[in-house]
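Engineer: First the structure, which I've put down as C-alpha cells, then a few questions once you've had a look.
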Amino acid sequence: MIITYDICEGEFLSKIIEFEYLQMPPEDRTNILDGFLKRAIVSFNKVCKYDLSSFDDENRQFNENFVSEDVEEIVDILSDGMIIQWLKPYLYRQELLESVLNTKDFTTYS
C-alpha cells in the first residue's frame, strides 16, 4: 500500500488546533507541512523497518510498498513527528530561556 504526503498531513492537521493552516493558500500550506514531514522522516527512518527516505516529491508519496497493517501506525508516528517539528519554534525561544535562568545567568550565557 502506498502512503501519500496528504495522508500524513491530514493526520497532523487533525491532531492540532491551528486554524491558520486552513486559511493559508494551499501551496503555502503544502510547503510548510512537507517540511515538517521531511524532518519527521529523518527522525523516524533510523528505527523504521521500511525505507522512508525513498519518496517521490513529484507525486507526493513514498516509493515503499507498505503492508496495510503497518500503514496506520506509520502515519500516526510520522504525524506525531510533524507535531514535534511544529512545536520546536515555540519551545526554542529566547523568552522561555530567560524565564528559566535568572538575569545574571542569562547575561553570562548570552
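A note on labels: chains of the C-alpha cells are A, B, ... as shown, every chain counts residues from 1, and ligands are counted from 1 in their shown order.
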Find the residues around A:Trp86 up to 10 Å (only C-alpha atoms counted), leave out those fewer than 6 positions away in its own chain, and share them as a list in words.

Structural biologist: Phe12, Ile16, Ile32, Leu33, Gly35, Phe36, Leu37 and Asp80 of chain A

Engineer: For the residues in the current selection, export all heavy atoms as a short mmCIF file (atom, residue, chain, number, x, y, z; two decimals), in the first residue's frame.

Structural biologist:
```cif
data_model
loop_
_atom_site.label_atom_id
_atom_site.label_comp_id
_atom_site.auth_asym_id
_atom_site.auth_seq_id
_atom_site.Cartn_x
_atom_site.Cartn_y
_atom_site.Cartn_z
N PHE A 12 -1.82 14.95 10.74
CA PHE A 12 -1.20 16.03 11.52
C PHE A 12 -2.21 17.14 11.81
O PHE A 12 -2.36 17.57 12.96
CB PHE A 12 0.01 16.59 10.76
CG PHE A 12 0.50 17.91 11.27
CD1 PHE A 12 1.23 17.99 12.44
CD2 PHE A 12 0.24 19.08 10.57
CE1 PHE A 12 1.70 19.21 12.91
CE2 PHE A 12 0.69 20.30 11.03
CZ PHE A 12 1.43 20.37 12.20
N ILE A 16 -3.86 18.83 15.71
CA ILE A 16 -3.56 20.15 16.27
C ILE A 16 -4.76 21.06 16.12
O ILE A 16 -5.65 20.81 15.31
CB ILE A 16 -2.32 20.79 15.58
CG1 ILE A 16 -2.59 21.06 14.10
CG2 ILE A 16 -1.09 19.93 15.77
CD1 ILE A 16 -1.55 21.92 13.44
N ILE A 32 4.93 24.19 3.85
CA ILE A 32 5.25 24.15 5.28
C ILE A 32 5.09 22.74 5.82
O ILE A 32 5.97 22.21 6.51
CB ILE A 32 4.35 25.13 6.05
CG1 ILE A 32 4.73 26.57 5.69
CG2 ILE A 32 4.47 24.90 7.55
CD1 ILE A 32 3.76 27.61 6.20
N LEU A 33 3.97 22.09 5.50
CA LEU A 33 3.71 20.75 6.03
C LEU A 33 4.67 19.72 5.45
O LEU A 33 5.06 18.77 6.14
CB LEU A 33 2.26 20.35 5.77
CG LEU A 33 1.22 21.22 6.49
CD1 LEU A 33 -0.19 20.69 6.19
CD2 LEU A 33 1.47 21.29 7.97
N GLY A 35 7.75 20.30 4.77
CA GLY A 35 8.97 20.49 5.56
C GLY A 35 8.89 19.77 6.90
O GLY A 35 9.85 19.12 7.32
N PHE A 36 7.74 19.89 7.57
CA PHE A 36 7.55 19.16 8.83
C PHE A 36 7.66 17.65 8.60
O PHE A 36 8.28 16.94 9.39
CB PHE A 36 6.18 19.46 9.44
CG PHE A 36 5.99 20.85 9.96
CD1 PHE A 36 4.71 21.36 10.11
CD2 PHE A 36 7.05 21.66 10.30
CE1 PHE A 36 4.50 22.64 10.61
CE2 PHE A 36 6.86 22.94 10.79
CZ PHE A 36 5.58 23.43 10.94
N LEU A 37 7.07 17.17 7.53
CA LEU A 37 7.08 15.73 7.23
C LEU A 37 8.50 15.25 6.95
O LEU A 37 8.92 14.21 7.46
CB LEU A 37 6.16 15.42 6.05
CG LEU A 37 6.10 13.95 5.63
CD1 LEU A 37 5.60 13.08 6.78
CD2 LEU A 37 5.20 13.80 4.41
N ASP A 80 2.94 12.46 14.53
CA ASP A 80 3.46 12.88 15.83
C ASP A 80 4.82 13.58 15.66
O ASP A 80 5.11 14.56 16.33
CB ASP A 80 3.60 11.70 16.78
CG ASP A 80 2.28 11.24 17.36
OD1 ASP A 80 1.27 11.97 17.22
OD2 ASP A 80 2.24 10.14 17.95
#
```

Engineer: Using only C-alpha atoms, which of A:Tyr50, A:Glu11, A:Thr30, A:Ile77 sits nearest A:Glu64?

Structural biologist: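 With only C-alpha atoms as the atom set, the closest residue is A:Tyr50.
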
Engineer: What is the distance, in Å and to one decimal place, between atom CA of A:Val67 and atom CA of A:Met1?

Structural biologist: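 For atom CA of A:Val67 relative to atom CA of A:Met1, the distance reads 6.1 Å.
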
Engineer: Using only C-alpha atoms, find the one residue out of A:Cys48, A:Tyr90, A:Glu20, A:Ser43 that sits nearest to A:Glu73.

Structural biologist: A:Cys48

Engineer: I need the residues of chain A that end up classed as helix (DSSP H, G or I) by DSSP on the backbone, written out as a ChimeraX atom specification.

Structural biologist: /A:5-15,20-23,26-45,68-91,94-100,103-109

Engineer: Mind checking DSSP for chain A and telling me the strand (DSSP E) residues as a list in words?

Structural biologist: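 DSSP-assigned strand (DSSP E) residues in chain A: Phe55, Asp56, Gln61 and Phe62 of chain A.
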